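Enquirer: File my_file_3.csv below, CSV, C-alpha atoms and all ligand atoms:
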```csv
chain,number,residue,atom,x,y,z
A,4,MET,CA,80.6,108.2,83.7
A,5,SER,CA,79.4,111.1,85.7
A,6,GLU,CA,76.6,110.2,88.1
A,7,TYR,CA,73.7,108.5,86.5
A,8,THR,CA,70.4,110.0,87.7
A,9,VAL,CA,67.2,107.9,87.7
A,10,ALA,CA,63.7,108.8,88.9
A,11,LEU,CA,61.5,106.3,90.7
A,12,VAL,CA,57.8,107.0,90.8
A,13,ALA,CA,54.9,104.7,91.5
A,14,HIS,CA,51.2,105.2,92.1
A,15,ASP,CA,49.8,103.8,95.3
A,16,HIS,CA,48.7,100.4,94.0
A,17,LYS,CA,52.0,100.0,92.3
A,18,LYS,CA,54.3,100.9,95.2
A,19,PRO,CA,54.7,97.3,96.4
A,20,GLU,CA,55.8,96.3,92.9
A,21,LEU,CA,58.3,99.1,92.6
A,22,LEU,CA,59.7,98.4,96.0
A,23,ALA,CA,60.2,94.8,95.2
A,24,TRP,CA,61.8,95.8,91.9
A,25,VAL,CA,64.2,98.2,93.6
A,26,ASN,CA,65.2,95.5,96.1
A,27,LYS,CA,65.8,93.0,93.3
A,28,HIS,CA,68.1,95.5,91.6
A,29,LEU,CA,69.6,97.1,94.7
A,30,ALA,CA,73.2,96.7,93.5
A,31,VAL,CA,72.4,98.7,90.4
A,32,MET,CA,70.4,101.3,92.2
A,33,GLN,CA,73.2,101.9,94.7
A,34,ARG,CA,75.3,103.1,91.7
A,35,CYS,CA,72.7,105.7,90.7
A,36,LYS,CA,71.7,109.0,92.0
A,37,ILE,CA,68.0,108.5,92.8
A,38,VAL,CA,65.2,111.1,92.7
A,39,ALA,CA,61.6,110.3,93.4
A,40,THR,CA,58.2,111.8,94.1
A,41,GLY,CA,57.5,112.3,97.7
A,42,THR,CA,55.7,109.3,99.0
A,43,THR,CA,57.5,106.9,96.7
A,44,GLY,CA,60.8,108.3,97.7
A,45,GLY,CA,60.1,108.1,101.4
A,46,LEU,CA,59.1,104.5,101.1
A,47,ILE,CA,62.1,103.5,99.1
A,48,ALA,CA,64.5,105.3,101.5
A,49,GLU,CA,62.9,103.7,104.5
A,50,GLU,CA,62.7,100.2,103.2
A,51,THR,CA,66.0,100.0,101.3
A,52,GLY,CA,68.3,102.5,103.0
A,53,LEU,CA,69.0,104.1,99.6
A,54,GLU,CA,69.6,107.8,99.5
A,55,VAL,CA,66.8,109.4,97.7
A,56,THR,CA,66.2,113.1,96.7
A,57,ARG,CA,62.5,113.5,97.3
A,58,TYR,CA,60.3,116.0,95.4
A,59,LYS,CA,56.7,116.8,96.1
A,60,SER,CA,54.1,114.1,96.1
A,61,GLY,CA,52.7,113.5,92.6
A,62,PRO,CA,49.3,115.1,93.1
A,63,LEU,CA,51.1,118.2,94.5
A,64,GLY,CA,53.4,118.7,91.6
A,65,GLY,CA,56.1,116.0,92.0
A,66,ASP,CA,55.6,114.7,88.4
A,67,GLN,CA,56.1,118.2,87.1
A,68,GLN,CA,59.3,118.6,89.1
A,69,ILE,CA,60.7,115.4,87.6
A,70,GLY,CA,59.5,116.7,84.2
A,71,ALA,CA,61.6,119.8,84.8
A,72,LEU,CA,64.7,117.7,85.3
A,73,ILE,CA,64.0,116.1,81.9
A,74,ALA,CA,63.6,119.4,80.2
A,75,GLU,CA,66.9,120.5,81.8
A,76,ASN,CA,68.7,117.4,80.6
A,77,ARG,CA,69.3,116.3,84.2
A,78,LEU,CA,67.6,112.9,84.2
A,79,ASP,CA,69.0,109.7,82.6
A,80,ALA,CA,66.1,107.3,83.0
A,81,LEU,CA,62.6,107.2,84.5
A,82,PHE,CA,61.0,104.2,86.2
A,83,PHE,CA,57.3,105.1,86.5
A,84,PHE,CA,55.0,102.3,87.6
A,85,TRP,CA,51.8,104.1,86.9
A,86,ASP,CA,48.4,102.6,87.7
A,87,PRO,CA,46.3,101.8,84.6
A,88,LEU,CA,43.3,100.7,86.7
A,89,ASN,CA,42.6,103.7,88.9
A,90,PRO,CA,42.0,107.3,88.0
A,91,ALA,CA,44.4,109.9,89.4
A,92,PRO,CA,43.4,113.5,90.1
A,93,HIS,CA,46.7,114.6,88.5
A,94,ASP,CA,46.4,112.5,85.3
A,95,PRO,CA,47.4,115.5,83.1
A,96,ASP,CA,50.7,115.7,85.1
A,97,VAL,CA,51.2,112.0,84.6
A,98,LYS,CA,50.7,112.3,80.9
A,99,ALA,CA,52.9,115.4,80.7
A,100,LEU,CA,55.8,113.5,82.4
A,101,LEU,CA,55.5,110.6,80.0
A,102,ARG,CA,55.3,113.0,77.1
A,103,LEU,CA,58.5,114.7,78.1
A,104,CYS,CA,60.3,111.4,78.0
A,105,SER,CA,59.4,111.1,74.4
A,106,VAL,CA,60.2,114.8,73.6
A,107,TRP,CA,63.7,114.4,75.1
A,108,ASN,CA,64.4,110.8,74.3
A,109,VAL,CA,64.7,109.7,77.9
A,110,PRO,CA,64.4,105.9,78.5
A,111,VAL,CA,61.3,105.2,80.5
A,112,ALA,CA,59.9,101.9,81.9
A,113,CYS,CA,56.3,101.8,83.0
A,114,ASN,CA,56.2,98.2,84.4
A,115,SER,CA,58.6,95.8,86.0
A,116,ALA,CA,59.0,93.7,82.9
A,117,THR,CA,60.4,96.7,80.9
A,118,ALA,CA,62.3,98.0,84.0
A,119,ASP,CA,64.1,94.6,84.3
A,120,LEU,CA,65.2,94.8,80.6
A,121,LEU,CA,66.4,98.4,81.0
A,122,VAL,CA,68.6,97.9,84.0
A,123,THR,CA,70.0,94.6,82.8
A,124,SER,CA,71.0,96.1,79.5
A,125,PRO,CA,74.8,96.0,79.1
A,126,LEU,CA,74.4,99.6,78.0
A,127,PHE,CA,72.9,100.8,81.3
A,128,LEU,CA,75.2,102.9,83.3
A,129,THR,CA,77.9,102.9,80.6
A,130,GLU,CA,79.4,105.7,78.7
A,131,ASP,CA,78.6,103.9,75.5
A,132,TYR,CA,75.0,104.8,76.1
A,133,LEU,CA,74.3,108.4,75.5
A,134,PRO,CA,71.0,108.7,73.8
A,135,THR,CA,70.9,111.3,71.2
A,136,LYS,CA,69.1,114.4,72.4
A,137,PRO,CA,66.9,116.1,69.8
A,138,ASN,CA,68.1,119.5,68.7
A,139,TYR,CA,64.9,121.6,69.0
B,201,LIG,O1,51.4,110.4,92.1
B,201,LIG,C1,52.5,110.0,91.8
B,201,LIG,C2,53.0,110.0,90.4
B,201,LIG,O2,52.0,110.4,89.5
B,201,LIG,C3,53.4,109.5,92.8
B,201,LIG,O3,53.4,110.4,93.9
B,201,LIG,P1,53.9,109.8,95.4
B,201,LIG,O4,55.2,109.2,95.2
B,201,LIG,O5,53.9,111.0,96.3
B,201,LIG,O6,52.8,108.8,95.8
```
Mind turning this structure into structure tokens?
Ligand SMILES: O=C(CO)COP(=O)(O)O

Expert:
Amino acid sequence: MSEYTVALVAHDHKKPELLAWVNKHLAVMQRCKIVATGTTGGLIAEETGLEVTRYKSGPLGGDQQIGALIAENRLDALFFFWDPLNPAPHDPDVKALLRLCSVWNVPVACNSATADLLVTSPLFLTEDYLPTKPNY
């Protein structure tokens, strides 16, 4: 399969959880092209040695940049550990990003339990798994 692109995004209180999750699945992550919002991406690159394409920080437009990848059919999965207990100034951007995953049928995991299931699926990273894109 051509390179599988995944986005990794976490709000501040969820960054330790995402980092632990990435370390747990490092072998799978090493087979992916990784993009991320700014701070999340910096942390992951620093702590794991993975190569990460970093966009802007979420509050500065990073969620929207990842949303643009989805709209252009350039993203295969999103791992977005958003924080349900603290308000974010860019909440509309967060909602918009999650909305685009539904619009374009992109697999999205919002917590480590779902993320575990997604990356351990036998379909993950295989050519058998090409989710149908809606024909708008
Ligand atoms: O705010 C975010 C997602 O909504 C994440 O942004 P950072 O990775 O820059 O913290």

Enquirer: Calculated over all atoms listed in the file, which of the candidates A:Val97, A:Leu53, A:Leu81, A:Leu11 has the smallest distance to ligand LIG 201 (chain B)?

Expert: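 Closest candidate: A:Val97.
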
Enquirer: Provide the atom CA of Thr117 of chain A to atom CA of Phe84 of chain A distance in Å, to one decimal place.

Expert: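 Taking atom CA of Thr117 of chain A and atom CA of Phe84 of chain A, their separation equals 10.3 Å.
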
Enquirer: Have a look at A:Gly44, A:Pro134, A:Pro19, A:Pro90 and name the one nearest to Arg57 of chain A; count only C-alpha atoms.

Expert: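 Using only C-alpha atoms, Arg57 of chain A sits closest to A:Gly44.
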
Enquirer: Could you report the residues within 12 Å of ligand LIG 201 (chain B), using only C-alpha atoms and all ligand atoms, as a ChimeraX atom specification?

Expert: /A:10-19,21-22,38-48,55-70,81-87,89-101,113

Enquirer: Could you tell me how far atom CA of Thr135 of chain A lies from atom CA of Ile73 of chain A, in Å and to one decimal?

Expert: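 Interatomic distance, atom CA of Thr135 of chain A to atom CA of Ile73 of chain A: 13.6 Å.
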
Enquirer: Once you count only C-alpha atoms, which residues end up no further than 10 Å from (65.0, 100.6, 80.6) in the file's frame, shown as a PyMOL selection string?

Expert: chain A and resi 80-82+109-124+126-127

Enquirer: Since we have the selection now, will you write its residues out, keeping C-alpha atoms, as a JSON list (two decimals), in the coordinates of the input?

Expert:
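Output (part35.json):
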```
[["chain", "number", "residue", "atom", "x", "y", "z"],
["A", 80, "ALA", "CA", 66.10, 107.30, 83.00],
["A", 81, "LEU", "CA", 62.60, 107.20, 84.50],
["A", 82, "PHE", "CA", 61.00, 104.20, 86.20],
["A", 109, "VAL", "CA", 64.70, 109.70, 77.90],
["A", 110, "PRO", "CA", 64.40, 105.90, 78.50],
["A", 111, "VAL", "CA", 61.30, 105.20, 80.50],
["A", 112, "ALA", "CA", 59.90, 101.90, 81.90],
["A", 113, "CYS", "CA", 56.30, 101.80, 83.00],
["A", 114, "ASN", "CA", 56.20, 98.20, 84.40],
["A", 115, "SER", "CA", 58.60, 95.80, 86.00],
["A", 116, "ALA", "CA", 59.00, 93.70, 82.90],
["A", 117, "THR", "CA", 60.40, 96.70, 80.90],
["A", 118, "ALA", "CA", 62.30, 98.00, 84.00],
["A", 119, "ASP", "CA", 64.10, 94.60, 84.30],
["A", 120, "LEU", "CA", 65.20, 94.80, 80.60],
["A", 121, "LEU", "CA", 66.40, 98.40, 81.00],
["A", 122, "VAL", "CA", 68.60, 97.90, 84.00],
["A", 123, "THR", "CA", 70.00, 94.60, 82.80],
["A", 124, "SER", "CA", 71.00, 96.10, 79.50],
["A", 126, "LEU", "CA", 74.40, 99.60, 78.00],
["A", 127, "PHE", "CA", 72.90, 100.80, 81.30]]
```

Enquirer: Record the distance separating atom CA of Leu29 of chain A and atom CA of Ala71 of chain A, expressed in Å with one decimal.

Expert: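 Atom CA of Leu29 of chain A sits 26.0 Å away from atom CA of Ala71 of chain A.
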
Enquirer: If we draw a sphere of 9 Å around (66.5, 116.6, 79.7), which residues have at least one atom in it when counting only C-alpha atoms? Please report them as a PyMOL selection string.

Expert: chain A and resi 70-79+103-104+106-109+136

Enquirer: Selected residues, C-alpha atoms, written as a PDB file, in the coordinates of the input, please.

Expert:
```
ATOM      1  CA  GLY A  70      59.500 116.700  84.200  1.00  0.00           C
ATOM      2  CA  ALA A  71      61.600 119.800  84.800  1.00  0.00           C
ATOM      3  CA  LEU A  72      64.700 117.700  85.300  1.00  0.00           C
ATOM      4  CA  ILE A  73      64.000 116.100  81.900  1.00  0.00           C
ATOM      5  CA  ALA A  74      63.600 119.400  80.200  1.00  0.00           C
ATOM      6  CA  GLU A  75      66.900 120.500  81.800  1.00  0.00           C
ATOM      7  CA  ASN A  76      68.700 117.400  80.600  1.00  0.00           C
ATOM      8  CA  ARG A  77      69.300 116.300  84.200  1.00  0.00           C
ATOM      9  CA  LEU A  78      67.600 112.900  84.200  1.00  0.00           C
ATOM     10  CA  ASP A  79      69.000 109.700  82.600  1.00  0.00           C
ATOM     11  CA  LEU A 103      58.500 114.700  78.100  1.00  0.00           C
ATOM     12  CA  CYS A 104      60.300 111.400  78.000  1.00  0.00           C
ATOM     13  CA  VAL A 106      60.200 114.800  73.600  1.00  0.00           C
ATOM     14  CA  TRP A 107      63.700 114.400  75.100  1.00  0.00           C
ATOM     15  CA  ASN A 108      64.400 110.800  74.300  1.00  0.00           C
ATOM     16  CA  VAL A 109      64.700 109.700  77.900  1.00  0.00           C
ATOM     17  CA  LYS A 136      69.100 114.400  72.400  1.00  0.00           C
TER      18      LYS A 136
END
```

Enquirer: Between A:Glu20, A:Glu6, A:Glu49, A:Asp131, single out the one closest to Gln33 of chain A, counting only C-alpha atoms.

Expert: A:Glu6
